[in-house]
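Notes to accompany the following structure.
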Amino acid sequence: MVGEVGLRKWGWVAFFLAPSLVGLLVFVLGPILSSLGLTLFEWNLLKDPQFIGLDNFKELYHDKDFWIAFRHTLTFIAYYIPAVLLTALITALLLNQRLRGVSFFRTAFFVPVVASWVVVAVIWKWIFNPRFGLLNFLLAKIGIEGPAWLFDPDTALYAIIITSVWKDTGFVAVMLLAGLQNIPETYYEAAKIDGAHSWQRLRYITLPLLTPSIFFALIISLINSFQVFEQAWLMPERFARSGTSVVVEQIVRNAFSYSRMGYAATMSWVLFAVIFAITFIQIRLQKRWVNYDI
Amino acid sequence: MFRRLFTLCLLVVVVMGVMPRHSQAQDSVSITYFTFSAAPDHLEDLDTIIAAFEAENPTINVEVETAPFADYFTLLQGDFVADDAPDVFELNYENFVTYAANDVLLDLSASLSADAPYYSAALGAFQYEGAQLALPESFSTVLLFYNADLFDQAGLEYPTAEWTWVEAMEAGKAIRALGDDTWGIYSPVQFWEFYKKAGQNDCSFFNEDMSESTINSPECVEALETMMSLIDEDVMPDPVEQAGVSPEELFQNGQVGMLVTGIWMFGAFAELPFNWDVQLEPGLAHKGHHFFANGVAVAKSTEHPAEAAAWAQYLTSSEVAANVRVTSGWELPALDKPEYFATYLEQTPPTNRAAVFQSLESPIVPPVIVRQNEMQDSVNALLEAVVNGELDAQTALDLAKEELDGFLEE
């Protein structure tokens, strides 16, 4: 095979690629493209799909449940992204210290990332329980009457945001830690000789040189948070669900509970378009603040 | 070398293609049966029924496929999409209309024995536009469970079959007075309880020809206000007071005097350390009880309609199947044969098991439309808004009418 050229060589390439390429085409690219076609159909899985043109898009435009879910998703993002980036940055700075046992802490902070959302939800539902929970117990100790958290549609989303930040901090911190460890030590030594104190070193060396990692973490977190689902599905109590519906939950309900495959596909493609547009804008704007000159 | 390898692969595919796929005898017929209610606890019981059926029908072989309820309908739809539907399968009443309306079920009217002893209400529930599109397999209902010890402590007489919600409320207040963590009644505020209470008050979610929703009629509003009065009068905990503890746990903890729940809880409550019993649920204008039913349908696409129909009828109406179900505690067969239930009635607790069958005299079946799940979610969301104090009963049901009318139109 080695040394073969032309068609013969490409035959071998295709042969070895075939197992994964066929899987990719049949199980990933095929369904993605057919879901785009499905947006023009009504299909309940029991009857043949019916062509309805752009009716799914028109219905979506007037679907108040979808737009409420979209607003909740944006609220989630507005609080989650700054909070997770800040906590992850602080965690990464701490984990970057040359301390005894730092490997243990690096592992410990990553444990919530690999924990299942079901497990995390059970733990935090107890913490947020208004009568028996840890958080309101501690708040009561300092004279504060805690809210009903996951039982109240006005506070349930914030409880979900807090839990999400706790769970994802380790993941984002690892990305930032990799960036921190790429910054040459000589920059800090030179700054120290010039008399820069620790805040100035952070402000003028660490943060600018960490911007590629922050940018990467921002993009990944933004994409993930537009697709927020498990926590919003598992955590709120029944009577608070009106305050926590999110876009992916609407997609799941329409596809698997209401058997409206065409409509669910339409929601998915609208969500994809929004994520694509925002990611595209972020990439265009990165020139203004991301510094790749190490 | 590439050509040789390619030829070899092709040869393997061809050889696999010409190999016989089934080696079974030609005179025997295999049918598939897809179930959610048998697994995991009653697979052996199902095998017993199948063995008896196959002994009587030696040319028919029943192959069982199972799935948990949560995944069952997604998988069933997947089978229909793939044109690989099971020959015979279970359907709960709420999903029956969706499948019937999509014309995928075989009409069993012609093959149904005239002497099959089904409850007529149950048989009627699985008819659609004059055709018998499924057979009733089992039924279940909801009763008033009460903690007799708490009634004794409060100096109250036990609930009677004649009680209305007025008497229940009075008793509930007396039990509530026993302690801060003791509640009088728990009757959930959700779709399934609401359509039943509405039925007790002569209200239906839809008019007779299903052209319009009547969910905001004065009778429905009154039914919802009665449900809410339990929370408003502090006889039942609100969601925050309940704090995630299930109503069944409250009852098991001895914290609630009366609980409206299903007879499927008999087993879980059997070992409770206090005396308890059941009674007919209190009524509003009249009595009304849930009639939950599972049915067995045959796919219109089956290649063996006669054999599939024979199995469906045997599973749902034979004495063997009925006895297996009753003795194993695997749901009650929907059969009008009191002698089949003698062993069931002898078991205690509860002492008053006869109430299960008395409830059949006032059955209320769920309102069912093609867009069933959307209706349930929509009504539940509005009921939640009432419980949260965001809407009053009238406003919530006016909104519900708008949404339900929309589901009927499409």
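Order determines the names: the first chain of the structure tokens is A, the second B, and so forth; residues in each chain are numbered 1 upward, and ligands are numbered 1 upward as they are shown.
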Check: which chain B residues lie within 7 Å of chain A using only C-alpha atoms, as a short mmCIF file (atom, residue, chain, number, x, y, z; two decimals) with N, CA and C atoms, in the first residue's frame:
```
data_model
loop_
_atom_site.label_atom_id
_atom_site.label_comp_id
_atom_site.auth_asym_id
_atom_site.auth_seq_id
_atom_site.Cartn_x
_atom_site.Cartn_y
_atom_site.Cartn_z
N PHE B 2 -5.88 -4.84 -2.86
CA PHE B 2 -7.14 -4.16 -2.54
C PHE B 2 -8.32 -4.87 -3.22
N THR B 74 -42.08 5.77 23.01
CA THR B 74 -41.07 6.20 22.04
C THR B 74 -40.61 5.01 21.20
N GLN B 77 -43.41 3.89 18.81
CA GLN B 77 -43.47 4.76 17.62
C GLN B 77 -42.32 4.47 16.68
N PHE B 80 -43.14 1.56 14.60
CA PHE B 80 -44.07 1.90 13.51
C PHE B 80 -43.34 2.63 12.38
N VAL B 81 -42.43 3.54 12.75
CA VAL B 81 -41.67 4.27 11.73
C VAL B 81 -40.86 3.29 10.89
N ASN B 102 -54.82 7.51 14.09
CA ASN B 102 -53.83 7.39 13.02
C ASN B 102 -53.98 6.10 12.21
N PRO B 239 -47.07 23.39 48.38
CA PRO B 239 -45.83 22.74 47.94
C PRO B 239 -44.63 23.03 48.84
N VAL B 240 -44.52 24.26 49.37
CA VAL B 240 -43.37 24.59 50.21
C VAL B 240 -43.48 23.86 51.55
N ALA B 243 -42.52 20.43 50.96
CA ALA B 243 -41.05 20.41 50.84
C ALA B 243 -40.49 19.15 50.18
N ARG B 371 -54.11 15.18 20.63
CA ARG B 371 -52.93 15.87 21.20
C ARG B 371 -52.99 15.79 22.73
N ASN B 373 -50.94 14.60 25.26
CA ASN B 373 -49.88 15.05 26.16
C ASN B 373 -49.80 16.56 26.25
N GLU B 374 -50.08 17.22 25.10
CA GLU B 374 -50.06 18.68 25.13
C GLU B 374 -51.19 19.21 26.02
N GLU B 384 -50.92 24.63 38.15
CA GLU B 384 -49.77 25.03 38.97
C GLU B 384 -49.80 26.53 39.22
#
```
- Task: From a DSSP pass on the backbone, collect the residues of range 199-298 of chain B flagged as strand (DSSP E) and hand them back as a ChimeraX atom specification.
- Result: /B:256-262,276-279,289-290,292-298
- Task: Would you kindly return, as a ChimeraX atom specification, each protein, DNA or RNA residue with an atom no farther than 6 Å from any atom of range 107-111 of chain B, considering only C-alpha atoms and excluding same-chain residues fewer than 6 positions away?
- Result: /B:131-133
- Message: Env of Ala121 in chain A: 8 Å cut, atoms = only C-alpha atoms, seq-sep filter 3 positions within chain, self excluded. Answer as an MDAnalysis selection string.
- Response: chainID A and resid 117:118 124:125 231 234:235
Emit the selected residues as an mmCIF file, in the first residue's frame, including N, CA and C atoms.
```
data_model
loop_
_atom_site.group_PDB
_atom_site.id
_atom_site.type_symbol
_atom_site.label_atom_id
_atom_site.label_comp_id
_atom_site.auth_asym_id
_atom_site.auth_seq_id
_atom_site.Cartn_x
_atom_site.Cartn_y
_atom_site.Cartn_z
ATOM 1 N N TRP A 117 -25.491 14.390 36.195
ATOM 2 C CA TRP A 117 -26.414 15.464 36.595
ATOM 3 C C TRP A 117 -27.484 14.938 37.547
ATOM 4 N N VAL A 118 -27.815 13.652 37.423
ATOM 5 C CA VAL A 118 -28.837 13.082 38.312
ATOM 6 C C VAL A 118 -28.343 13.135 39.759
ATOM 7 N N TRP A 124 -28.134 18.790 45.333
ATOM 8 C CA TRP A 124 -28.499 20.208 45.424
ATOM 9 C C TRP A 124 -29.977 20.418 45.715
ATOM 10 N N LYS A 125 -30.815 19.463 45.369
ATOM 11 C CA LYS A 125 -32.230 19.588 45.743
ATOM 12 C C LYS A 125 -32.349 19.538 47.267
ATOM 13 N N GLN A 231 -30.217 19.966 33.994
ATOM 14 C CA GLN A 231 -30.496 20.561 35.296
ATOM 15 C C GLN A 231 -31.892 21.180 35.348
ATOM 16 N N LEU A 234 -34.301 18.227 35.659
ATOM 17 C CA LEU A 234 -34.255 17.395 36.870
ATOM 18 C C LEU A 234 -34.520 18.151 38.164
ATOM 19 N N MET A 235 -34.144 19.433 38.213
ATOM 20 C CA MET A 235 -34.084 20.077 39.522
ATOM 21 C C MET A 235 -35.372 20.730 40.026
#
```
Please report, as a compact mmCIF listing (two decimals) with N, CA and C atoms, in the first residue's frame, each residue of range 49-113 of chain A to which DSSP assigns helix (DSSP H, G or I) when run on this structure's backbone.
```txt
# COMPACT_ATOMS: atom_id res chain seq x y z
N ASP A 55 -44.88 26.40 7.59
CA ASP A 55 -45.85 26.54 8.69
C ASP A 55 -45.21 26.34 10.06
N ASN A 56 -44.23 25.43 10.15
CA ASN A 56 -43.58 25.21 11.46
C ASN A 56 -42.89 26.48 11.93
N PHE A 57 -42.24 27.19 10.99
CA PHE A 57 -41.55 28.43 11.36
C PHE A 57 -42.55 29.51 11.77
N LYS A 58 -43.69 29.56 11.04
CA LYS A 58 -44.73 30.55 11.38
C LYS A 58 -45.27 30.26 12.78
N GLU A 59 -45.52 28.97 13.06
CA GLU A 59 -46.07 28.61 14.38
C GLU A 59 -45.06 28.96 15.47
N LEU A 60 -43.78 28.70 15.18
CA LEU A 60 -42.75 28.97 16.17
C LEU A 60 -42.69 30.47 16.50
N TYR A 61 -42.88 31.27 15.47
CA TYR A 61 -42.83 32.72 15.67
C TYR A 61 -43.90 33.18 16.67
N LYS A 64 -45.74 31.20 22.29
CA LYS A 64 -45.29 31.93 23.48
C LYS A 64 -44.46 31.04 24.41
N ASP A 65 -44.78 29.74 24.47
CA ASP A 65 -44.01 28.84 25.34
C ASP A 65 -42.54 28.78 24.90
N PHE A 66 -42.32 28.78 23.56
CA PHE A 66 -40.95 28.73 23.06
C PHE A 66 -40.19 30.01 23.44
N TRP A 67 -40.85 31.15 23.28
CA TRP A 67 -40.15 32.41 23.55
C TRP A 67 -39.93 32.63 25.05
N ILE A 68 -40.86 32.10 25.87
CA ILE A 68 -40.61 32.15 27.32
C ILE A 68 -39.38 31.29 27.64
N ALA A 69 -39.32 30.11 27.03
CA ALA A 69 -38.18 29.22 27.25
C ALA A 69 -36.89 29.88 26.74
N PHE A 70 -36.99 30.60 25.63
CA PHE A 70 -35.82 31.29 25.07
C PHE A 70 -35.35 32.39 26.04
N ARG A 71 -36.33 33.10 26.62
CA ARG A 71 -35.97 34.16 27.58
C ARG A 71 -35.30 33.54 28.82
N HIS A 72 -35.83 32.42 29.29
CA HIS A 72 -35.19 31.75 30.44
C HIS A 72 -33.78 31.32 30.09
N THR A 73 -33.59 30.82 28.87
CA THR A 73 -32.25 30.38 28.45
C THR A 73 -31.29 31.57 28.44
N LEU A 74 -31.76 32.71 27.92
CA LEU A 74 -30.90 33.91 27.89
C LEU A 74 -30.58 34.39 29.32
N THR A 75 -31.58 34.32 30.21
CA THR A 75 -31.34 34.71 31.61
C THR A 75 -30.28 33.78 32.21
N PHE A 76 -30.42 32.50 31.95
CA PHE A 76 -29.44 31.53 32.44
C PHE A 76 -28.04 31.92 31.97
N ILE A 77 -27.92 32.22 30.66
CA ILE A 77 -26.62 32.56 30.09
C ILE A 77 -26.07 33.84 30.71
N ALA A 78 -26.95 34.82 30.88
CA ALA A 78 -26.51 36.14 31.37
C ALA A 78 -25.87 36.05 32.76
N TYR A 79 -26.35 35.14 33.58
CA TYR A 79 -25.76 35.00 34.92
C TYR A 79 -24.69 33.92 34.96
N TYR A 80 -24.93 32.84 34.21
CA TYR A 80 -24.04 31.67 34.30
C TYR A 80 -22.65 31.98 33.74
N ILE A 81 -22.60 32.61 32.55
CA ILE A 81 -21.30 32.79 31.88
C ILE A 81 -20.33 33.64 32.71
N PRO A 82 -20.73 34.87 33.13
CA PRO A 82 -19.78 35.63 33.95
C PRO A 82 -19.42 34.90 35.24
N ALA A 83 -20.41 34.26 35.86
CA ALA A 83 -20.15 33.60 37.15
C ALA A 83 -19.19 32.44 36.98
N VAL A 84 -19.40 31.60 35.95
CA VAL A 84 -18.54 30.43 35.81
C VAL A 84 -17.13 30.85 35.39
N LEU A 85 -17.02 31.91 34.55
CA LEU A 85 -15.68 32.36 34.14
C LEU A 85 -14.92 32.93 35.33
N LEU A 86 -15.63 33.69 36.17
CA LEU A 86 -14.96 34.30 37.32
C LEU A 86 -14.53 33.24 38.33
N THR A 87 -15.44 32.34 38.68
CA THR A 87 -15.07 31.31 39.67
C THR A 87 -13.98 30.39 39.12
N ALA A 88 -14.05 30.11 37.81
CA ALA A 88 -13.04 29.23 37.20
C ALA A 88 -11.68 29.93 37.18
N LEU A 89 -11.69 31.25 36.92
CA LEU A 89 -10.43 32.00 36.89
C LEU A 89 -9.78 31.99 38.28
N ILE A 90 -10.59 32.27 39.29
CA ILE A 90 -10.05 32.26 40.67
C ILE A 90 -9.53 30.87 41.01
N THR A 91 -10.32 29.85 40.67
CA THR A 91 -9.91 28.47 40.96
C THR A 91 -8.61 28.13 40.22
N ALA A 92 -8.53 28.51 38.94
CA ALA A 92 -7.33 28.20 38.15
C ALA A 92 -6.10 28.91 38.74
N LEU A 93 -6.28 30.17 39.17
CA LEU A 93 -5.14 30.90 39.76
C LEU A 93 -4.67 30.20 41.03
N LEU A 94 -5.63 29.71 41.83
CA LEU A 94 -5.26 29.00 43.06
C LEU A 94 -4.59 27.66 42.75
N LEU A 95 -5.14 26.96 41.74
CA LEU A 95 -4.59 25.64 41.41
C LEU A 95 -3.24 25.75 40.69
N VAL A 102 -1.31 20.05 45.60
CA VAL A 102 -2.14 20.77 44.61
C VAL A 102 -2.80 19.79 43.62
N SER A 103 -2.15 18.65 43.37
CA SER A 103 -2.74 17.65 42.46
C SER A 103 -4.07 17.15 43.02
N PHE A 104 -4.11 16.98 44.35
CA PHE A 104 -5.36 16.52 44.97
C PHE A 104 -6.48 17.52 44.70
N PHE A 105 -6.17 18.81 44.89
CA PHE A 105 -7.21 19.83 44.68
C PHE A 105 -7.64 19.92 43.21
N ARG A 106 -6.64 19.76 42.31
CA ARG A 106 -6.98 19.78 40.87
C ARG A 106 -7.98 18.66 40.56
N THR A 107 -7.77 17.48 41.15
CA THR A 107 -8.69 16.36 40.93
C THR A 107 -10.03 16.66 41.60
N ALA A 108 -9.97 17.15 42.84
CA ALA A 108 -11.20 17.38 43.60
C ALA A 108 -12.13 18.36 42.88
N PHE A 109 -11.54 19.43 42.31
CA PHE A 109 -12.38 20.41 41.63
C PHE A 109 -12.98 19.85 40.33
N PHE A 110 -12.38 18.77 39.84
CA PHE A 110 -12.90 18.20 38.59
C PHE A 110 -13.98 17.14 38.84
N VAL A 111 -14.09 16.69 40.09
CA VAL A 111 -15.07 15.63 40.40
C VAL A 111 -16.50 16.01 39.99
N PRO A 112 -16.98 17.23 40.32
CA PRO A 112 -18.35 17.57 39.91
C PRO A 112 -18.56 17.51 38.40
N VAL A 113 -17.49 17.76 37.63
CA VAL A 113 -17.61 17.76 36.16
C VAL A 113 -17.98 16.37 35.66
```
- Spatial neighbours of range 188-195 of chain A, max dist 12 Å, only C-alpha atoms, sep filter under 5 positions, as a VMD selection string: chain A and resid 180 183 200 to 206 209
- Query: Could you pull the residues within 8 Å of range 268-281 of chain A, counting only C-alpha atoms, minus those fewer than 2 positions along the same chain, as an MDAnalysis selection string?
  - Reply: chainID A and resid 36 219 223 226 247:248 251 264:266 283:285
- Within 7 Å of Ala297 in chain B, counting only C-alpha atoms, which residues qualify if same-chain residues fewer than 6 places away don't, as JSON, numbers by chain? {"B": [88, 89, 90, 91, 105, 133, 134, 135]}
Go ahead and save the picked residues with C-alpha atoms, as an mmCIF file, in the first residue's frame.
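Output file again_2.cif is given in full below:
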```cif
data_model
loop_
_atom_site.group_PDB
_atom_site.id
_atom_site.type_symbol
_atom_site.label_atom_id
_atom_site.label_comp_id
_atom_site.auth_asym_id
_atom_site.auth_seq_id
_atom_site.Cartn_x
_atom_site.Cartn_y
_atom_site.Cartn_z
ATOM 1 C CA VAL B 88 -49.799 -7.297 19.555
ATOM 2 C CA PHE B 89 -49.003 -4.531 22.037
ATOM 3 C CA GLU B 90 -50.254 -2.775 25.158
ATOM 4 C CA LEU B 91 -51.779 0.696 25.034
ATOM 5 C CA LEU B 105 -54.889 -0.544 14.795
ATOM 6 C CA LEU B 133 -59.658 -1.261 18.168
ATOM 7 C CA ALA B 134 -58.290 -2.715 21.420
ATOM 8 C CA LEU B 135 -59.410 -5.012 24.236
#
```
- Item | Atom-to-atom span, CA of Asp47 in chain B and CA of Ile60 in chain B, Å | 14.1 Å
